[in-house]
Amino acid sequence: MNANETIIKKINIKIKSLITDLENSEINPMAQKGCAPFVDNLPEGDDISECIEFSTDGTLTIKGNVAEITYKENEELGMADIESTLRFKINRPTMINLIRRGAAPASLMFDTEFPRRNCTYCIGNMPFSFCICTNNVINRFSEAYGKIVLDYDIEMHGVKTEHNVFSLEFKE
């Protein structure tokens, strides 16, 4: 494939997201120094406050060194009319940008090299800022099949508020 060629494929997508509230968080001094919090293990049992799973259709677009996976969010989860795109460079798979368009626009950056990133999320006309603290990114990508796992914490004003593990698998 040359740099000017674009490949567009219809794909089936399976998404799973584990969201754990960190109710007893204390101010994390390492976060204030620009370091991502360390997570020993994924949450188990009663610690999981929410598990979301759904399947949908989407589009894989590859142009040169950039891959994009685009899909509509799940209406039943209150995310009607929101389109999400995971964008990354194929030669730098551990830096992924999640772009949301629609009623709740956002741009979230997950990056193992620079794990603490400021992000903005809009709900209605109210934007709010927070930090994404990336613990791990797994990106197994090919044109026919792929799996992306984003393990991260959400931090507000130096306090970890949520631990999330987002998994997206796709196939033609």
# chains A, B, ... in the order shown; residues from 1 in each chain; ligands from 1
$ residues_around --residues "A:Leu108" --least-positions-apart "5" --cutoff "7 Å" --atoms "only C-alpha atoms" --output "VMD selection string"
chain A and resid 97 to 99 119
$ residues_around --residues "A:Lys72" --least-positions-apart "2" --cutoff "10 Å" --atoms "only C-alpha atoms" --output "list of chain:residue names"
A:Thr56, A:Asp57, A:Gly58, A:Thr59, A:Thr70, A:Asn74, A:Glu75, A:Met79, A:Ala80, A:Asp81, A:Ile82, A:Glu83, A:Ser84, A:Thr85, A:Arg100, A:Arg101
$ residues_around --residues "A:Tyr152" --least-positions-apart "3" --cutoff "10 Å" --atoms "only C-alpha atoms" --output "PyMOL selection string"
chain A and resi 19+36-39+110-111+115-116+131-137+149+155+162-166
$ write_last_selection --atoms "C-alpha atoms" --output "PDB file, in the first residue's frame"
ATOM      1  CA  ILE A  19     -15.601   0.997  35.178  1.00  0.00           C
ATOM      2  CA  ALA A  36       0.598   7.944  36.047  1.00  0.00           C
ATOM      3  CA  PRO A  37      -0.794   6.085  39.059  1.00  0.00           C
ATOM      4  CA  PHE A  38       0.254   2.445  39.311  1.00  0.00           C
ATOM      5  CA  VAL A  39      -2.441  -0.253  39.214  1.00  0.00           C
ATOM      6  CA  PHE A 110      -4.048   7.377  25.787  1.00  0.00           C
ATOM      7  CA  ASP A 111      -0.266   7.179  25.606  1.00  0.00           C
ATOM      8  CA  PRO A 115       0.861   8.613  30.389  1.00  0.00           C
ATOM      9  CA  ARG A 116      -0.727  11.672  32.025  1.00  0.00           C
ATOM     10  CA  CYS A 131      -6.601  13.900  33.299  1.00  0.00           C
ATOM     11  CA  ILE A 132      -6.341  10.532  31.635  1.00  0.00           C
ATOM     12  CA  CYS A 133      -3.604   8.525  33.373  1.00  0.00           C
ATOM     13  CA  THR A 134      -2.726   5.652  31.042  1.00  0.00           C
ATOM     14  CA  ASN A 135      -1.636   2.473  32.797  1.00  0.00           C
ATOM     15  CA  ASN A 136      -1.377   0.291  29.682  1.00  0.00           C
ATOM     16  CA  VAL A 137      -2.293   0.183  25.986  1.00  0.00           C
ATOM     17  CA  VAL A 149      -7.265  -2.516  25.303  1.00  0.00           C
ATOM     18  CA  GLU A 155      -8.069  11.996  37.725  1.00  0.00           C
ATOM     19  CA  GLU A 162     -12.252   6.010  38.304  1.00  0.00           C
ATOM     20  CA  HIS A 163     -10.294   3.085  36.964  1.00  0.00           C
ATOM     21  CA  ASN A 164     -11.385   1.945  33.500  1.00  0.00           C
ATOM     22  CA  VAL A 165     -10.477  -0.944  31.240  1.00  0.00           C
ATOM     23  CA  PHE A 166     -11.876  -0.467  27.722  1.00  0.00           C
TER      24      PHE A 166
END
$ atom_distance --atom1 "atom CA of A:Asn125" --atom2 "atom CA of A:Ser49"
27.6 Å
$ atom_distance --atom1 "atom CA of A:Phe54" --atom2 "atom CA of A:Asp151"
18.3 Å
$ select_by_dssp --residues "chain A" --states "alpha helix (DSSP H)" --output "VMD selection string"
chain A and resid 29 to 32
$ residues_around --residues "stretch 7-11 of chain A" --least-positions-apart "4" --cutoff "12 Å" --atoms "only C-alpha atoms" --output "JSON, numbers by chain"
{"A": [1, 2, 3, 55, 56, 57, 58, 59, 60, 61, 62, 63, 64, 65, 66, 67, 68, 69, 70, 71, 142, 143, 144, 145, 146, 168, 169, 170, 171, 172]}
$ decode --residues "stretch 7-22 of chain A" --atoms "N, CA and C atoms" --output "short mmCIF file (atom, residue, chain, number, x, y, z; two decimals), in the first residue's frame"
data_model
loop_
_atom_site.label_atom_id
_atom_site.label_comp_id
_atom_site.auth_asym_id
_atom_site.auth_seq_id
_atom_site.Cartn_x
_atom_site.Cartn_y
_atom_site.Cartn_z
N ILE A 7 -7.68 2.60 2.35
CA ILE A 7 -8.46 1.37 2.46
C ILE A 7 -9.61 1.63 3.42
N ILE A 8 -10.83 1.28 3.01
CA ILE A 8 -12.00 1.43 3.87
C ILE A 8 -12.72 0.08 3.90
N LYS A 9 -12.95 -0.43 5.12
CA LYS A 9 -13.61 -1.73 5.29
C LYS A 9 -14.72 -1.63 6.31
N LYS A 10 -15.79 -2.37 6.07
CA LYS A 10 -16.84 -2.53 7.08
C LYS A 10 -16.38 -3.60 8.06
N ILE A 11 -16.58 -3.34 9.36
CA ILE A 11 -16.14 -4.28 10.38
C ILE A 11 -17.23 -4.50 11.42
N ASN A 12 -17.14 -5.62 12.11
CA ASN A 12 -17.98 -5.91 13.28
C ASN A 12 -17.14 -5.61 14.51
N ILE A 13 -17.74 -4.95 15.49
CA ILE A 13 -17.02 -4.50 16.68
C ILE A 13 -17.70 -5.02 17.93
N LYS A 14 -16.89 -5.50 18.86
CA LYS A 14 -17.37 -5.90 20.18
C LYS A 14 -16.64 -5.03 21.20
N ILE A 15 -17.41 -4.36 22.06
CA ILE A 15 -16.84 -3.46 23.05
C ILE A 15 -17.20 -3.95 24.45
N LYS A 16 -16.20 -3.91 25.32
CA LYS A 16 -16.41 -4.23 26.73
C LYS A 16 -15.69 -3.17 27.54
N SER A 17 -16.38 -2.64 28.54
CA SER A 17 -15.78 -1.60 29.37
C SER A 17 -16.08 -1.89 30.84
N LEU A 18 -15.02 -1.98 31.64
CA LEU A 18 -15.15 -2.15 33.09
C LEU A 18 -14.83 -0.81 33.74
N ILE A 19 -15.77 -0.30 34.54
CA ILE A 19 -15.60 1.00 35.18
C ILE A 19 -15.69 0.80 36.68
N THR A 20 -14.64 1.19 37.39
CA THR A 20 -14.60 1.05 38.84
C THR A 20 -14.48 2.42 39.47
N ASP A 21 -15.45 2.77 40.32
CA ASP A 21 -15.37 4.02 41.07
C ASP A 21 -14.34 3.86 42.17
N LEU A 22 -13.54 4.87 42.37
CA LEU A 22 -12.53 4.87 43.43
C LEU A 22 -13.00 5.84 44.51
#
